[in-house]
Amino acid sequence: MRRLTGGETRERFLRFFERNGHAMVPSSSLVPADDPTLLFTNAGMVQFKGVFLGTDPRPYRRATTVQKCLRVSGKHNDLENVGRTARHHTFFEMLGNFSFGDYFKEGAIEFGWEFLTRELGLPEDRLWATIYKDDDEAFKLWQKVAGLPEDRIVRLGEKDNFWAMGDTGPCGPCSELIIDQGPTVGCGRPTCSIECGCDRYLELWNLVFMQYNRDASGTLAPLPKPSIDTGAGLERIAAACQGVRSNFETDLIRPLIATVEGLSRKAYGSDERRDVSMRVIADHARAVTFLLADGVLPNNEGRGYVLRRILRRGLRHGRLLGLDEPFLATVTDKVIDVMTDAYPELEGSRAHVARLARIEEDRFGHLLREALPRLHDLIQTVKAQKRDRAILPGQKLFELYDTYGLPRDLIDEIAIEQSVECDWGGFEVELKNQQEKSRAHLKAFGEAQGVATAYRELAKGTRTTFLGYGRLEAEATVAAVLSDGAPVERIDTGREGEVVLNTTPFYAEAGGQVGDTGFIRGDGVLAEVLDAKRPLPGLIIHRVRVKRGELRKGQRVLARVDGDRRSTTVKNHTATHLVHAALRQILGDHVRQEGSLVAPDRLRFDFRHYGPLSDKEIDRIEGLVNDTLWANLPVLVEEMRLEDALAKGALAFFGDKYGDDVRVVSVPDFSIELCGGTHTKATGEIGLFKIAHETGIAAGIRRIEALTGPGAFQHLKQEEEVLHESADRLKTKPLDVPEKVDRLFDATRALEREVQQLRARLGAGIADELLKKAKDVSGVTVVMGRAEGFDQRALRELADRLKDKIGSGVIVLGSSSDRRVSWVAMVTPDLTSRLQAGKLVKEVAAITGGSGGGRADLAEAGGKDPEQLDEALRLVPELVKRLLTKP
């Protein structure tokens with residue numbers, strides 16, 4: 001039988017379940033759309049969490065997916081094992097089939113067994129099943145459906161075979177399908193069993209039977225509609241189908257290793273340490289490619305921090321293979337070649353992924369140049385202490401690892417070379433503290449961003465019909481009233497609370513557009529609507545302040561939106577679409593929206609781009625948008641199937657969640673996007689567009705802030721007033737201001753050159769005077785003194801001049817200005833092993849009420865007490881003598 005490729009296995013899985021009545025649902029982003037408690041999507045069920053909880057109704061009861069997953073944090077953290085085992089990955093694809101109150105255990109077992117044995121042809125006599133220890137029903141079904149003998153059905157405890165969504169909520173037993181890879185795989189011990197941690201018995205598929213709800217007391221109650229959640233790693237199943245012992249040898253990953261072989265000119269399989277590095281690079285290149293394509297960008301927080309650590313770990317292993325030139329973009333390119341059939345969106349991100357990979361690789365090289373000297377300084381400091389054992393402190397190791405990104409294995413390698421030890425125990429303490437802080441932050445973030453329990457309860461029986469696309473006023477019934485997050489019967493005069501209406505014209509904040517404001521009026525009641533939000537699909541919450549009377553549940557009211565505020569908001573929303581289209585036309589298709597704010601007074605648009613926009617590019621963008629406004633093109637809104645919208649070229653955004661039917665907003669031959677916001681009827685209604693600011697907010701992310709209509713006109717008027725005022729002060733005409741400023745700059749630069757020449761002559765004289773007063777301290781030349789009126793830069797230049805003259809020695813210079821003290825300390829390279837400039841300048845600065853630090857050869861400091869400057873200089877020889885170690 002011909003061995004199936006990974007792509008064929010993926011396709012067979014989806015088609016098998018589609019034939020069996022399952023809706024084929026595309027993979028969601030690696031960035032969870034509606035789960036702030038997760039950094040990354042780590043399982044197939046993440047996008048269906050709301051379905052299982054009953055808050056996200058879908059038109060199907062069976063679904064199948066191949067989900068992009070990443071496991072690098074929390075309890076699902078495989079990072080340190082990657083490359084060292086045959087089956088651990090950061091990025092992987094999870095095959096899954098789901099039942100939302102449809103079939104249950106028997107159906108799940110039947111589908112799983114049939115797919116593995118009939119569709120894929122895996123040998124029945126090598127397949128085992130594990131079940132939860134008390135799950136007699138599953139035991140009987142494996143015998144009935146699969147004909148498994150009793151000795152190949154293994155009962156395991158709660159740790160291995162009981163799944164829960166959290167401390168409370170849906171949970172249930174699970175059953176795993178295992179393949180016996182034979183005695184030649186794994187530990188080789190005659191006692192090896194299914195509970196052994198080696199690779200002989202390999203888990204292929206986990207079937208979760210969600211049949212209970214666990215309350216706060218731990219009591220399990222049967223769910224009214226038991227459900228199924230299954231997950232199978234594509235890479236593992238592909239390895240079993242292809243008859244290889246490692247996921248890395250499948251056609252999903254082996255081509256990436258071959259690429260690394262070609263780059264490094266080293267053969268895979270000839271050396272285990274090199275093999276580990278090749279596997280790490282192959283795995284991490286997949287993670288980096290998909291994260292970048294899904295819009296995650298390297299930075300020092302949250303998801304971006306995790307991406308950067310994965311990326312740098314891969315680069316570090318490249319260095320171990322001798323890959324000193326940029327290589328990662330070549331491997332990510334190969335990832336796209338291998339995966340683009342399954343994930344066509346990768347092709348459109350090819351240039352973006354390669355560009356950011358190269359940028360990060362360059363930054364890593366810079367990091368090594370910055371961090372390695374700090375490590376070497378630390379080693380010299382520890383060695384200089386002349387203790388029985390030279391040990392690098394755990395706190396300092398963690399600082400190098402966390403702040404400077406220096407990989408742990410690189411620190412270890414250099415420490416061994418330098419014959420010093422590492423306090424990795426202290427390092428682990430610091431790491432644990434950071435992880436606890438991170439978990440606390442994530443929990444707080446999740447609580448802050450999560451959906452209140454009261455909203456979830458409301459969503460089960462309350463729906464709000466939104467009428468605001470076509471009208472600003474509507475009669476409604478108050479369906480629910482809340483105060484401090486809890487249901488109440490009414491809100492009294494002067495109090496604030498939340499109201500749910502059965503119908504509403506108020507747009508709820510979404511897609512960057514702020515929520516509407518306005519008023520709710522009824523019999524004897526007037527309430528100001530302060531904001532509108534949509535915490536769950538179909539549920540709109542109006543935050544109100546009652547100005548007169550009381551607002552009660554069941555009351556009939558008239559809801560009216562502030563029309564002027566909505567009018568300016570829609571201008572800005574339509575303008576964001578035009579800006580996006582203009583950016584893509586002028587800068588390229590790599591531009592992608594990364595966030596936006598659509599408010600009444602301004603718009604903000606964050607987008608993916610590699611560098612600052614030039615003045616010329618900004619002019620072109622403004623011109624193109626304004627040309628579109630003045631053409632007064634129609635703004636069209638259509639409802640259509642998602643696949644039809646995408647086929648027409650509509651832009652969709654990572655992390656956003658779309659149903660089968662979507663709303664498409666387009667400007668003919670210029671812009672087309674999926675959007676649920678409110679818009680103008682024609683572009684001419686916007687009037688005028690003006691970019692106020694353009695700046696960077698993260699690596700590869702730019703931000704435009706802009707104004708439209710009256711706001712844009714007022715901005716231009718203010719700029720005109722400033723220009724006229726500047727012209728008056730410069731005694732010239734407004735259009736001649738640049739020429740006049742240039743002349744003033746030229747004159748200023750000429751004066752600065754004169755000052756520099758005078759300072760150089762002055763410095764030479766001061767240097768000669770200071771050299772005459774140099775002292776010998778334990779055989780070391782020490783030069784110290786005041787250089788009054790010199791700033792930090794001038795002090796450094798003077799210290800450099802003195803260093804060149806003495807050849808070997810210590811220099812300490814001080815200066816005072818505006819009640820502040822400046823210090824520079826310099827130690828020539830031959831003496832840095834005995835005395836560090838950073839320590840010396842810190843002691844000197846302390847006498848003048850300041851502090852500072854720096855490298856072993858050069859350090860700077862400041863002080864607050866100029867009256868102590870002379871006293872500090874007098875004590876320099878004494879301080880040098882005390883700090884100087886023996887040669």
# chains A, B, ... in the order shown; residues from 1 in each chain; ligands from 1
$ closest_atom_pairs --of "region 596-677 of chain A" --to "region 559-570 of chain A" --cutoff "7 Å" --atoms "only C-alpha atoms" --output "tab-separated table"
residue	atom	partner	partner_atom	distance
A:Val598	CA	A:Thr569	CA	6.4
A:Ala599	CA	A:Thr569	CA	5.4
A:Pro600	CA	A:Thr569	CA	4.2
$ write_last_selection --atoms "all heavy atoms" --output "tab-separated table (two decimals), in the first residue's frame"
chain	number	residue	atom	x	y	z
A	598	VAL	N	-12.17	54.13	15.82
A	598	VAL	CA	-13.04	55.01	15.05
A	598	VAL	C	-13.91	55.75	16.06
A	598	VAL	O	-14.85	55.20	16.63
A	598	VAL	CB	-13.92	54.20	14.06
A	598	VAL	CG1	-14.85	55.16	13.32
A	598	VAL	CG2	-13.07	53.41	13.10
A	599	ALA	N	-13.54	57.01	16.30
A	599	ALA	CA	-14.23	57.84	17.28
A	599	ALA	C	-14.87	59.03	16.55
A	599	ALA	O	-14.59	59.27	15.38
A	599	ALA	CB	-13.25	58.31	18.34
A	600	PRO	N	-15.69	59.81	17.24
A	600	PRO	CA	-16.32	60.96	16.57
A	600	PRO	C	-15.30	62.02	16.16
A	600	PRO	O	-15.48	62.70	15.14
A	600	PRO	CB	-17.28	61.52	17.62
A	600	PRO	CG	-17.46	60.43	18.61
A	600	PRO	CD	-16.21	59.63	18.60
$ residues_around --residues "Val812 (chain A)" --least-positions-apart "4" --cutoff "10 Å" --atoms "only C-alpha atoms" --output "ChimeraX atom specification"
/A:782-786,795,799,823-827,837,840-841,844,859-860,873,876-877
$ residues_around --residues "Thr403 (chain A)" --least-positions-apart "6" --cutoff "10 Å" --atoms "only C-alpha atoms" --output "PyMOL selection string"
chain A and resi 300+371+397
$ write_last_selection --atoms "N, CA and C atoms" --output "PDB file, in the first residue's frame"
ATOM      1  N   ASN A 300       8.681  42.548  23.429  1.00  0.00           N
ATOM      2  CA  ASN A 300       9.089  42.098  24.757  1.00  0.00           C
ATOM      3  C   ASN A 300       7.913  41.855  25.694  1.00  0.00           C
ATOM      4  N   ALA A 371      25.242  41.761  24.674  1.00  0.00           N
ATOM      5  CA  ALA A 371      25.105  40.960  25.885  1.00  0.00           C
ATOM      6  C   ALA A 371      26.384  40.201  26.247  1.00  0.00           C
ATOM      7  N   LEU A 397      22.423  35.840  36.151  1.00  0.00           N
ATOM      8  CA  LEU A 397      22.189  34.942  35.014  1.00  0.00           C
ATOM      9  C   LEU A 397      20.804  35.184  34.438  1.00  0.00           C
TER      10      LEU A 397
END
$ closest_residue --among "A:Arg882, A:Arg819, A:Arg214, A:Lys49" --to "Pro866 (chain A)" --atoms "only C-alpha atoms"
A:Arg819
$ residues_around --residues "His542 (chain A)" --least-positions-apart "3" --cutoff "6 Å" --atoms "only C-alpha atoms" --output "PDB file with N, CA, C and O atoms, in the first residue's frame"
ATOM      1  N   GLU A 498     -26.766  49.243  33.837  1.00  0.00           N
ATOM      2  CA  GLU A 498     -26.731  48.686  32.478  1.00  0.00           C
ATOM      3  C   GLU A 498     -28.115  48.186  32.102  1.00  0.00           C
ATOM      4  O   GLU A 498     -28.845  47.648  32.953  1.00  0.00           O
ATOM      5  N   VAL A 499     -28.441  48.375  30.834  1.00  0.00           N
ATOM      6  CA  VAL A 499     -29.778  48.035  30.357  1.00  0.00           C
ATOM      7  C   VAL A 499     -29.662  47.229  29.075  1.00  0.00           C
ATOM      8  O   VAL A 499     -28.829  47.529  28.211  1.00  0.00           O
ATOM      9  N   ASP A 531     -22.703  54.619  26.796  1.00  0.00           N
ATOM     10  CA  ASP A 531     -21.915  53.725  25.948  1.00  0.00           C
ATOM     11  C   ASP A 531     -22.762  52.509  25.612  1.00  0.00           C
ATOM     12  O   ASP A 531     -23.773  52.238  26.265  1.00  0.00           O
ATOM     13  N   ALA A 532     -22.345  51.790  24.589  1.00  0.00           N
ATOM     14  CA  ALA A 532     -23.013  50.537  24.219  1.00  0.00           C
ATOM     15  C   ALA A 532     -21.940  49.521  23.861  1.00  0.00           C
ATOM     16  O   ALA A 532     -21.005  49.835  23.114  1.00  0.00           O
TER      17      ALA A 532
END
$ residues_around --residues "Glu622 (chain A)" --least-positions-apart "4" --cutoff "7 Å" --atoms "only C-alpha atoms" --output "short mmCIF file (atom, residue, chain, number, x, y, z; two decimals) with N, CA, C and O atoms, in the first residue's frame"
data_model
loop_
_atom_site.label_atom_id
_atom_site.label_comp_id
_atom_site.auth_asym_id
_atom_site.auth_seq_id
_atom_site.Cartn_x
_atom_site.Cartn_y
_atom_site.Cartn_z
N ILE A 618 3.25 59.94 2.61
CA ILE A 618 2.10 60.49 3.32
C ILE A 618 1.30 61.41 2.39
O ILE A 618 0.05 61.37 2.37
N ASN A 626 -8.28 61.71 -0.59
CA ASN A 626 -9.09 62.89 -0.90
C ASN A 626 -9.65 62.86 -2.32
O ASN A 626 -10.79 63.28 -2.56
N PHE A 689 -9.92 64.86 4.23
CA PHE A 689 -9.12 63.89 5.00
C PHE A 689 -7.73 64.46 5.22
O PHE A 689 -7.10 64.95 4.28
N LYS A 690 -7.23 64.37 6.47
CA LYS A 690 -5.89 64.89 6.78
C LYS A 690 -5.20 63.98 7.79
O LYS A 690 -5.76 63.69 8.85
N ILE A 691 -3.99 63.52 7.46
CA ILE A 691 -3.18 62.74 8.40
C ILE A 691 -2.52 63.71 9.38
O ILE A 691 -1.80 64.63 8.97
#
$ residues_around --residues "Leu122 (chain A)" --least-positions-apart "6" --cutoff "8 Å" --atoms "only C-alpha atoms" --output "list in words"
Leu116, Ala240 and Cys241 of chain A
$ residues_around --residues "Val780 (chain A)" --least-positions-apart "4" --cutoff "9 Å" --atoms "only C-alpha atoms" --output "number ranges by chain"
A: 775-776, 808-810, 831
$ select_by_dssp --residues "region 625-662 of chain A" --states "strand (DSSP E or B)" --output "ChimeraX atom specification"
/A:634,636-641,651,661-662
$ write_last_selection --atoms "C-alpha atoms" --output "PDB file, in the first residue's frame"
ATOM      1  CA  PRO A 634     -21.080  55.225  -3.507  1.00  0.00           C
ATOM      2  CA  LEU A 636     -22.137  49.821  -0.906  1.00  0.00           C
ATOM      3  CA  VAL A 637     -23.238  47.409   1.806  1.00  0.00           C
ATOM      4  CA  GLU A 638     -24.127  43.795   0.977  1.00  0.00           C
ATOM      5  CA  GLU A 639     -24.861  40.604   2.905  1.00  0.00           C
ATOM      6  CA  MET A 640     -23.366  37.432   1.429  1.00  0.00           C
ATOM      7  CA  ARG A 641     -21.774  34.081   2.212  1.00  0.00           C
ATOM      8  CA  LEU A 651     -10.254  41.774   3.235  1.00  0.00           C
ATOM      9  CA  ASP A 661     -22.959  35.060   6.409  1.00  0.00           C
ATOM     10  CA  VAL A 662     -21.038  38.332   6.468  1.00  0.00           C
TER      11      VAL A 662
END
$ atom_distance --atom1 "CA of Leu539 (chain A)" --atom2 "CA of Asn502 (chain A)"
9.2 Å
